[in-house]
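Peer 1: Structure file query34.txt, compact mmCIF, C-alpha atoms, is pasted below:
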# COMPACT_ATOMS: atom_id res chain seq x y z
CA MET A 1 66.93 101.43 138.77
CA GLU A 2 69.88 103.58 137.77
CA ARG A 3 70.42 104.28 134.08
CA PHE A 4 73.64 105.23 132.30
CA THR A 5 73.30 108.30 130.09
CA GLY A 6 76.76 108.53 128.50
CA SER A 7 77.71 107.77 124.89
CA PHE A 8 79.63 104.63 123.93
CA THR A 9 80.69 106.22 120.61
CA GLN A 10 81.84 109.69 121.70
CA GLN A 11 85.61 110.14 121.42
CA GLU A 12 87.86 112.75 122.93
CA PRO A 13 88.54 115.85 120.78
CA ILE A 14 91.58 116.03 118.54
CA PRO A 15 94.46 117.75 120.36
CA GLU A 16 94.72 121.48 119.68
CA ALA A 17 98.16 121.03 118.11
CA GLY A 18 96.60 118.62 115.61
CA ILE A 19 93.77 121.02 114.86
CA GLU A 20 96.20 123.88 114.29
CA ALA A 21 98.39 121.77 112.00
CA ALA A 22 95.32 120.59 110.08
CA MET A 23 94.09 124.15 109.62
CA ALA A 24 97.48 125.20 108.27
CA ILE A 25 97.29 122.41 105.69
CA LEU A 26 93.75 123.35 104.71
CA ARG A 27 94.86 126.95 104.21
CA HIS A 28 97.80 126.10 101.93
CA GLY A 29 96.08 123.13 100.26
CA ARG A 30 99.03 120.71 100.10
CA LEU A 31 97.18 117.63 101.31
CA HIS A 32 98.90 115.05 99.10
CA ARG A 33 101.92 113.57 100.84
CA TYR A 34 104.25 114.32 97.92
CA ASN A 35 102.96 117.87 97.34
CA THR A 36 105.39 119.95 99.38
CA ALA A 37 106.92 123.40 99.16
CA PRO A 38 110.71 123.76 98.80
CA ASP A 39 112.47 122.59 101.95
CA GLU A 40 109.14 121.46 103.47
CA ILE A 41 108.91 118.03 105.10
CA ALA A 42 105.53 116.42 104.61
CA GLN A 43 103.44 115.76 107.70
CA THR A 44 103.05 112.16 106.55
CA ALA A 45 106.82 111.64 106.39
CA LEU A 46 107.20 113.12 109.86
CA LEU A 47 104.43 110.89 111.23
CA GLU A 48 106.20 107.80 109.86
CA GLU A 49 109.49 108.86 111.36
CA GLU A 50 107.96 109.61 114.75
CA PHE A 51 105.88 106.43 114.97
CA ALA A 52 108.90 104.34 113.99
CA ALA A 53 110.84 105.97 116.83
CA PHE A 54 107.97 105.38 119.27
CA THR A 55 107.91 101.64 118.51
CA GLY A 56 111.62 101.13 117.89
CA ALA A 57 111.08 100.01 114.29
CA ARG A 58 113.48 100.79 111.45
CA TYR A 59 110.80 101.50 108.84
CA CYS A 60 107.25 102.85 108.89
CA LEU A 61 104.66 103.54 106.18
CA ALA A 62 101.44 105.53 106.66
CA VAL A 63 98.49 104.33 104.58
CA ALA A 64 94.78 104.83 104.07
CA SER A 65 93.50 102.23 106.56
CA GLY A 66 94.48 99.33 108.77
CA GLY A 67 92.91 96.93 106.28
CA TYR A 68 95.03 98.38 103.49
CA ALA A 69 98.12 97.96 105.69
CA MET A 70 97.34 94.24 106.13
CA ALA A 71 96.74 93.65 102.41
CA THR A 72 99.96 95.52 101.63
CA ALA A 73 101.85 93.37 104.14
CA LEU A 74 100.60 90.24 102.39
CA ARG A 75 101.55 91.59 98.96
CA ALA A 76 104.99 92.62 100.24
CA LEU A 77 105.48 89.02 101.39
CA GLN A 78 104.44 87.99 97.85
CA VAL A 79 101.50 85.88 99.00
CA GLY A 80 99.85 84.71 95.79
CA PRO A 81 96.27 83.96 94.72
CA GLY A 82 94.90 80.82 96.34
CA ALA A 83 97.62 80.66 98.99
CA PRO A 84 96.38 79.71 102.46
CA VAL A 85 96.85 82.38 105.14
CA LEU A 86 96.12 81.36 108.72
CA THR A 87 94.31 83.78 111.01
CA ASN A 88 92.32 83.80 114.25
CA ALA A 89 88.69 82.76 114.05
CA PHE A 90 87.97 85.47 116.63
CA THR A 91 88.68 88.65 114.70
CA LEU A 92 86.86 91.36 112.76
CA ALA A 93 85.88 91.38 109.09
CA PRO A 94 88.80 93.50 107.75
CA VAL A 95 91.31 90.75 108.63
CA PRO A 96 89.94 87.96 106.42
CA GLY A 97 88.87 90.71 104.05
CA ALA A 98 92.49 91.77 103.57
CA ILE A 99 93.46 88.15 102.86
CA ALA A 100 90.62 87.68 100.36
CA SER A 101 91.36 91.03 98.70
CA ILE A 102 94.59 89.66 97.23
CA GLY A 103 92.98 86.38 96.18
CA ALA A 104 94.48 84.38 99.04
CA ARG A 105 92.46 81.96 101.18
CA PRO A 106 91.69 82.68 104.85
CA VAL A 107 92.06 79.62 107.07
CA PHE A 108 90.59 80.16 110.53
CA ILE A 109 92.25 78.92 113.71
CA GLU A 110 90.40 78.02 116.89
CA THR A 111 90.13 80.53 119.73
CA THR A 112 90.76 79.71 123.38
CA PRO A 113 88.39 80.71 126.22
CA ASP A 114 90.91 83.49 126.98
CA LEU A 115 90.25 84.96 123.49
CA THR A 116 93.67 84.16 122.02
CA ILE A 117 94.77 81.88 119.21
CA ASP A 118 94.92 78.13 119.94
CA PHE A 119 98.52 76.97 119.45
CA ALA A 120 97.70 73.28 118.97
CA HIS A 121 95.17 74.00 116.24
CA LEU A 122 97.54 76.53 114.67
CA GLU A 123 100.26 73.89 114.38
CA ALA A 124 97.86 71.29 113.01
CA MET A 125 96.46 73.64 110.36
CA ALA A 126 99.90 74.91 109.36
CA GLN A 127 100.95 71.34 108.69
CA ALA A 128 97.67 70.41 106.98
CA THR A 129 97.57 73.42 104.64
CA GLY A 130 101.24 74.17 104.11
CA ALA A 131 100.55 77.81 104.97
CA ARG A 132 103.63 79.97 105.27
CA VAL A 133 101.98 83.13 106.66
CA LEU A 134 100.00 83.77 109.85
CA MET A 135 97.95 86.96 110.08
CA LEU A 136 97.81 87.14 113.87
CA SER A 137 94.93 89.29 115.06
CA HIS A 138 95.37 90.71 118.57
CA MET A 139 91.61 90.88 118.65
CA ARG A 140 90.14 93.32 121.16
CA GLY A 141 93.60 93.85 122.62
CA HIS A 142 94.22 90.30 123.88
CA LEU A 143 97.83 89.23 123.37
CA CYS A 144 98.70 85.55 123.28
CA ASP A 145 102.03 84.32 124.69
CA MET A 146 104.13 85.97 121.98
CA ASP A 147 107.32 84.18 122.98
CA ARG A 148 105.69 80.77 122.51
CA LEU A 149 103.91 81.90 119.36
CA MET A 150 107.07 83.11 117.67
CA ALA A 151 109.02 80.00 118.67
CA LEU A 152 106.24 77.84 117.18
CA CYS A 153 106.06 79.85 113.95
CA ASP A 154 109.84 79.85 113.58
CA ARG A 155 109.80 76.06 113.92
CA LEU A 156 107.01 75.81 111.34
CA GLY A 157 108.76 78.20 108.95
CA MET A 158 105.87 80.68 109.09
CA LYS A 159 106.09 84.45 108.74
CA VAL A 160 103.91 86.42 111.16
CA ILE A 161 102.02 89.61 110.29
CA GLU A 162 100.59 91.22 113.42
CA ASP A 163 97.22 92.94 113.23
CA CYS A 164 97.67 95.53 115.98
CA ALA A 165 94.46 97.49 115.39
CA HIS A 166 93.57 96.96 119.07
CA THR A 167 97.07 96.89 120.60
CA MET A 168 98.80 100.15 119.71
CA GLY A 169 101.00 100.91 122.72
CA ALA A 170 100.64 97.39 124.16
CA ALA A 171 103.55 95.00 124.78
CA TRP A 172 104.40 91.42 125.69
CA ASN A 173 107.32 91.03 128.10
CA GLY A 174 108.33 94.57 127.25
CA VAL A 175 108.39 94.08 123.46
CA PRO A 176 105.89 96.40 121.75
CA SER A 177 102.98 94.84 119.93
CA GLY A 178 103.80 94.73 116.22
CA ARG A 179 107.50 94.15 116.83
CA HIS A 180 107.45 90.36 117.17
CA GLY A 181 106.42 89.44 113.64
CA VAL A 182 108.02 90.44 110.35
CA ILE A 183 105.42 93.20 109.83
CA GLY A 184 103.10 95.02 112.23
CA CYS A 185 99.90 96.71 111.01
CA TYR A 186 97.96 99.36 112.93
CA SER A 187 94.70 101.26 112.49
CA THR A 188 93.95 104.89 113.26
CA GLN A 189 90.21 104.55 112.67
CA THR A 190 88.07 106.59 115.09
CA TYR A 191 87.57 103.83 117.67
CA LYS A 192 91.27 102.97 117.92
CA HIS A 193 94.05 104.31 120.15
CA MET A 194 94.85 107.24 117.83
CA ASN A 195 92.05 108.84 115.84
CA SER A 196 92.20 110.19 112.29
CA GLY A 197 88.80 108.88 111.20
CA GLU A 198 90.49 106.34 108.94
CA GLY A 199 94.13 105.49 108.50
CA GLY A 200 96.78 102.86 109.00
CA LEU A 201 100.46 102.34 109.76
CA LEU A 202 102.81 99.52 108.74
CA LEU A 203 106.07 98.72 110.54
CA THR A 204 108.96 96.41 109.67
CA ASP A 205 112.70 96.05 110.13
CA ASP A 206 113.06 94.31 106.77
CA ALA A 207 114.38 96.68 104.08
CA ASP A 208 113.05 94.66 101.15
CA LEU A 209 109.55 94.40 102.66
CA ALA A 210 109.55 98.10 103.52
CA ALA A 211 110.57 99.09 99.99
CA ARG A 212 107.89 96.85 98.49
CA ALA A 213 105.26 98.35 100.78
CA VAL A 214 106.24 101.91 99.87
CA LEU A 215 106.05 101.10 96.15
CA LEU A 216 102.75 99.28 96.57
CA SER A 217 101.26 102.29 98.37
CA GLY A 218 101.84 104.44 95.30
CA SER A 219 105.11 106.35 95.72
CA TYR A 220 105.41 107.36 92.04
CA MET A 221 109.21 107.00 92.26
CA LEU A 222 109.21 109.63 95.03
CA TYR A 223 110.34 107.15 97.67
CA ALA A 224 113.36 109.30 98.46
CA ARG A 225 110.97 111.71 100.22
CA HIS A 226 110.25 109.11 102.91
CA ARG A 227 112.23 109.53 106.12
CA ALA A 228 111.40 106.13 107.67
CA ALA A 229 112.11 104.01 104.57
CA PRO A 230 115.18 102.13 103.28
CA PRO A 231 117.83 103.96 101.22
CA ALA A 232 117.20 104.53 97.52
CA GLN A 233 119.39 101.64 96.38
CA VAL A 234 117.01 99.11 97.99
CA PHE A 235 114.29 100.33 95.63
CA GLU A 236 116.35 100.03 92.47
CA GLY A 237 115.76 96.34 91.85
CA LEU A 238 112.05 96.63 92.71
CA ARG A 239 110.78 99.92 91.36
CA LEU A 240 109.83 98.59 87.91
CA GLU A 241 108.47 95.27 89.23
CA VAL A 242 106.14 96.21 92.10
CA PRO A 243 102.68 97.51 91.09
CA ASN A 244 101.21 100.77 92.33
CA ILE A 245 98.09 99.97 94.39
CA SER A 246 97.47 103.45 95.69
CA GLY A 247 96.58 103.72 99.35
CA ARG A 248 98.67 106.55 100.74
CA MET A 249 97.82 108.53 103.85
CA ASP A 250 97.42 112.26 103.25
CA ASN A 251 99.03 115.12 105.14
CA LEU A 252 95.78 116.20 106.77
CA ARG A 253 95.33 112.93 108.64
CA ALA A 254 99.03 112.76 109.46
CA ALA A 255 98.87 116.23 110.99
CA ILE A 256 95.95 115.16 113.17
CA LEU A 257 97.81 112.03 114.30
CA ARG A 258 101.29 113.36 115.07
CA PRO A 259 100.44 115.02 118.42
CA GLN A 260 98.57 111.90 119.51
CA ILE A 261 101.72 109.73 119.57
CA ALA A 262 102.99 111.50 122.68
CA LEU A 263 99.59 110.99 124.33
CA LEU A 264 99.60 107.20 123.96
CA PRO A 265 101.21 106.36 127.35
CA ASP A 266 98.75 108.58 129.22
CA ARG A 267 95.83 107.17 127.24
CA ALA A 268 97.00 103.65 128.02
CA ALA A 269 97.06 104.41 131.74
CA ARG A 270 93.58 105.94 131.65
CA TRP A 271 92.13 103.01 129.67
CA LEU A 272 93.67 100.58 132.14
CA ALA A 273 92.16 102.49 135.07
CA LEU A 274 88.68 102.27 133.52
CA TYR A 275 89.18 98.58 132.76
CA ARG A 276 90.20 97.79 136.33
CA VAL A 277 87.12 99.58 137.71
CA LEU A 278 84.91 97.44 135.47
CA GLU A 279 86.85 94.32 136.37
CA ASP A 280 86.52 95.00 140.09
CA GLY A 281 82.81 95.77 139.75
CA LEU A 282 82.08 92.52 137.89
CA ASP A 283 84.38 90.22 139.84
CA GLN A 284 82.63 87.22 141.40
CA THR A 285 79.38 87.85 139.51
CA ASN A 286 77.60 84.51 139.35
CA GLY A 287 77.32 83.26 135.76
CA LEU A 288 79.84 85.78 134.37
CA ARG A 289 83.45 84.96 133.53
CA LEU A 290 86.12 87.66 133.30
CA ILE A 291 89.02 87.18 130.89
CA PRO A 292 92.33 86.64 132.75
CA ARG A 293 95.19 88.90 131.73
CA PRO A 294 98.71 87.39 131.96
CA GLN A 295 101.38 89.22 133.93
CA ALA A 296 103.57 89.47 130.81
CA GLU A 297 100.82 91.32 128.93
CA GLN A 298 100.93 95.11 129.01
CA PHE A 299 97.55 95.85 127.46
CA VAL A 300 95.74 98.99 126.32
CA PRO A 301 92.05 98.15 126.81
CA SER A 302 89.92 100.38 124.61
CA SER A 303 87.18 97.77 125.03
CA PHE A 304 86.02 95.26 127.63
CA GLN A 305 84.98 91.62 127.23
CA PHE A 306 83.41 88.95 129.40
CA THR A 307 81.73 85.62 128.73
CA LEU A 308 78.52 83.97 129.90
CA PRO A 309 79.44 80.28 129.85
CA GLY A 310 76.55 77.95 129.21
CA TRP A 311 73.92 80.65 128.70
CA GLU A 312 71.28 79.83 126.10
CA PRO A 313 70.81 82.39 123.28
CA ALA A 314 67.45 83.70 124.49
CA ARG A 315 68.89 84.56 127.89
CA VAL A 316 71.92 86.31 126.38
CA ALA A 317 69.65 88.30 124.06
CA ALA A 318 67.50 89.30 127.03
CA LEU A 319 70.57 90.54 128.89
CA ILE A 320 71.67 92.63 125.90
CA ALA A 321 68.21 94.17 125.61
CA ARG A 322 67.82 94.87 129.32
CA CYS A 323 71.25 96.52 129.56
CA ALA A 324 70.44 98.61 126.47
CA ALA A 325 67.23 99.76 128.14
CA ARG A 326 69.40 101.03 130.98
CA GLY A 327 71.81 102.83 128.64
CA VAL A 328 74.60 100.20 128.50
CA GLU A 329 75.46 99.14 124.94
CA LEU A 330 76.77 95.58 124.79
CA LYS A 331 77.71 93.65 121.65
CA TRP A 332 77.23 89.89 121.37
CA PHE A 333 79.45 87.72 119.19
CA GLY A 334 76.96 84.87 119.39
CA ALA A 335 74.17 86.68 117.55
CA PRO A 336 72.88 84.74 114.52
CA ASP A 337 73.40 87.65 112.11
CA PRO A 338 76.12 90.32 111.94
CA VAL A 339 75.18 93.59 113.63
CA ALA A 340 77.11 96.74 112.64
CA PHE A 341 80.80 96.11 113.45
CA THR A 342 80.10 92.78 115.17
CA SER A 343 80.41 89.67 113.03
CA ARG A 344 82.17 86.34 113.31
CA TYR A 345 84.01 83.82 111.17
CA ASP A 346 80.96 81.81 110.04
CA HIS A 347 79.32 84.97 108.68
CA TRP A 348 82.10 85.41 106.09
CA HIS A 349 80.83 82.96 103.48
CA TYR A 350 83.37 84.05 100.88
CA ALA A 351 86.06 82.42 103.02
CA ASP A 352 84.30 79.02 103.01
CA PRO A 353 84.74 78.70 106.78
CA GLN A 354 84.87 75.27 108.33
CA PRO A 355 83.12 74.61 111.68
CA LEU A 356 85.21 75.38 114.75
CA PRO A 357 83.42 73.94 117.79
CA GLN A 358 85.74 75.40 120.42
CA THR A 359 85.44 78.88 118.95
CA ASP A 360 81.68 78.50 118.57
CA ALA A 361 81.38 77.69 122.27
CA VAL A 362 83.44 80.76 123.21
CA LEU A 363 81.63 83.19 120.90
CA ALA A 364 78.19 81.90 121.95
CA GLY A 365 78.57 83.69 125.27
CA LEU A 366 81.06 86.44 124.40
CA ILE A 367 80.01 89.99 125.30
CA ASP A 368 81.94 93.03 124.11
CA MET A 369 81.73 96.68 125.11
CA ARG A 370 83.47 99.83 123.90
CA LEU A 371 85.38 101.81 126.52
CA PRO A 372 85.88 105.38 125.24
CA LEU A 373 88.13 107.75 127.16
CA THR A 374 85.22 110.15 127.53
CA PHE A 375 84.10 107.80 130.35
CA THR A 376 85.18 108.50 133.92
CA PRO A 377 85.95 105.91 136.60
CA ALA A 378 82.55 106.77 138.12
CA ASP A 379 80.94 105.96 134.75
CA ALA A 380 82.76 102.63 134.64
CA ALA A 381 81.61 101.81 138.17
CA GLN A 382 78.00 102.60 137.27
CA ILE A 383 78.17 100.50 134.10
CA ALA A 384 79.55 97.59 136.13
CA ARG A 385 76.71 97.90 138.65
CA ILE A 386 74.12 97.82 135.87
CA ILE A 387 75.68 94.82 134.11
CA ARG A 388 76.10 92.95 137.39
CA SER A 389 72.50 93.49 138.45
CA GLU A 390 71.15 92.44 135.06
CA VAL A 391 73.37 89.36 134.86
CA GLN A 392 72.11 88.32 138.27
CA SER A 393 68.51 89.04 137.34
CA VAL A 394 68.49 87.44 133.88
CA GLY A 395 70.81 84.61 134.80
CA GLN A 396 68.84 83.44 137.82
CA GLY A 397 65.23 84.36 137.10
CA GLU A 398 62.56 84.37 134.47
CA ILE A 399 63.33 86.27 131.26
CA ALA A 400 61.16 89.39 131.56
CA PRO A 401 60.09 91.40 128.50
CA VAL A 402 62.25 94.48 128.03
CA ALA A 403 59.17 96.73 127.81
CA ALA A 404 58.27 95.80 131.39
CA LEU A 405 61.51 97.22 132.80
CA PRO A 406 61.19 100.38 134.93
CA LEU A 407 63.65 102.99 133.66
CA GLY A 408 64.55 105.30 136.52
CA ASP A 409 67.59 107.49 137.08
Can the structure from this file be put into structure tokens for me?
Peer 2:
Amino acid sequence: MERFTGSFTQQEPIPEAGIEAAMAILRHGRLHRYNTAPDEIAQTALLEEEFAAFTGARYCLAVASGGYAMATALRALQVGPGAPVLTNAFTLAPVPGAIASIGARPVFIETTPDLTIDFAHLEAMAQATGARVLMLSHMRGHLCDMDRLMALCDRLGMKVIEDCAHTMGAAWNGVPSGRHGVIGCYSTQTYKHMNSGEGGLLLTDDADLAARAVLLSGSYMLYARHRAAPPAQVFEGLRLEVPNISGRMDNLRAAILRPQIALLPDRAARWLALYRVLEDGLDQTNGLRLIPRPQAEQFVPSSFQFTLPGWEPARVAALIARCAARGVELKWFGAPDPVAFTSRYDHWHYADPQPLPQTDAVLAGLIDMRLPLTFTPADAAQIARIIRSEVQSVGQGEIAPVAALPLGD
């Protein structure tokens, strides 16, 4: 039996230009975004300007994390305590966490078998709750039909915040992810498409929302130093009304990120190549369903998902264990308890989640796997062979104890 020996958590190194820029900052010590020498432009301001240009947005704000970006987006939209905010049931904990952090109420929407938000349930819950904001999570990089989604939300009078933590560089019908809704929020946490350890970016074309976000992030009346923000007069009516909820990005992380913007198209192509190798290797595997990707979706797959329809929990758990014994780390969204990064809507008791039978059926057999760019196409092919053989073995035969597995090369 072959065994995979690579790491599912090892990222590529930071580009040399980012390392050099970071070392320069460490040597002069001006890490705070507003601590600059005369005539110096802060790295954070340059990052905002460059990412806005990359996406075609008018305004950009760099912040401490993707979760902070989402909470700031909600505050900028003046979502108040107790207000319902709709969001996908299939998402990760920071999304409902951002909603709860401002005292608002997460309302979960059913997920389709293709891992996107259910439009019929979205409409029904918008009407039932009176919600005026949708926090749309492009979970694990799966874009719904954004043209239909925006037409529906416009008809319902709902503002859309896009959680683009998994879709930086992706697009729907040529429109970049994050540019459909009123605000787009991105993450630069280590496992995302650009890596600064932690970090976030917020985009909008709305001058009032951008000014509110800058003030919320803690600009200390230094908003004129931003290069991808509205003009000073937009701030005048807001600067004494909007609270400072500090969450700025620092110059060190911005310096690390700036060279990575230009690498995004190449990274997207390499991720897609790995994804297609996995997809080809698992195609027509009995008992395993691949997730279809629409032609309009230009996706950047930093992870890979498939489902095991109808599998009972013990058999899924056996598959996870057997693949792990052969070096392939799979995550299961149907596990009874949250494990590390993997949790689901009914684990978040603070949100008082209501049962969602369609989503439960999807998550019961949903398998997730990281896809770092340190993998090669040969690695992806080997991983696919291992998963395929174990799905066939566990799905069709007796569930063997993991300890009994021979672990060869």
Peer 1: Between A:Arg225, A:Leu77, A:Leu86, A:Gly197, which is the closest to Glu40 (chain A) once you count only C-alpha atoms?
Peer 2: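 Among A:Arg225, A:Leu77, A:Leu86, A:Gly197, it is A:Arg225 that comes nearest to Glu40 (chain A).
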Peer 1: Grab the CA of Met135 (chain A) to CA of Pro176 (chain A) distance for me, in Å with one decimal place.
Peer 2: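 Pair CA of Met135 (chain A) / CA of Pro176 (chain A) returns 17.0 Å.
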Peer 1: Residues within 7 Å of Ala69 (chain A), please, as a count of residues only. Count only C-alpha atoms; anything in the same chain fewer than 2 positions from it doesn't count.
Peer 2: 11
Peer 1: Closest to Ala340 (chain A) among A:Ile99, A:Leu74, A:Leu92, A:Ala170, using only C-alpha atoms?
Peer 2: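 The closest residue to Ala340 (chain A) is A:Leu92.
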Peer 1: Separation of CA of Gln10 (chain A) and CA of Ala171 (chain A), in Å?
Peer 2: 26.4 Å
Peer 1: Find the residues around Leu278 (chain A) up to 7 Å (only C-alpha atoms counted), leave out those fewer than 3 positions away in its own chain, and share them as number ranges by chain.
Peer 2: A: 274-275, 281-282, 380-381, 384
Peer 1: What separation in Å, quoted to one decimal, exists between CA of Met168 (chain A) and CA of Phe51 (chain A)?
Peer 2: 10.6 Å
Peer 1: Considering all atoms listed in the file, state which residue in the set A:Pro243, A:Gly157, A:Gly169, A:Pro301 is at the smallest distance from Ser219 (chain A).
Peer 2: A:Pro243
Peer 1: With only C-alpha atoms as the atoms that count, which of A:Ala98, A:Ile261, A:Ala76, A:Leu115 lies nearest to Val182 (chain A)?
Peer 2: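 Ranking A:Ala98, A:Ile261, A:Ala76, A:Leu115 by distance to Val182 (chain A), first place goes to A:Ala76.
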Peer 1: Rank nothing, just name the residue among A:Tyr223, A:Phe54, A:Gly218, A:Pro292 nearest to Pro265 (chain A), using only C-alpha atoms.
Peer 2: A:Phe54
Peer 1: Can you tell me, as a VMD selection string, which residues sit within 9 Å of (104.0, 87.4, 123.7) in the file's frame, using all atoms listed in the file?
Peer 2: chain A and resid 143 to 150 171 to 173 175 177 180 296 to 297
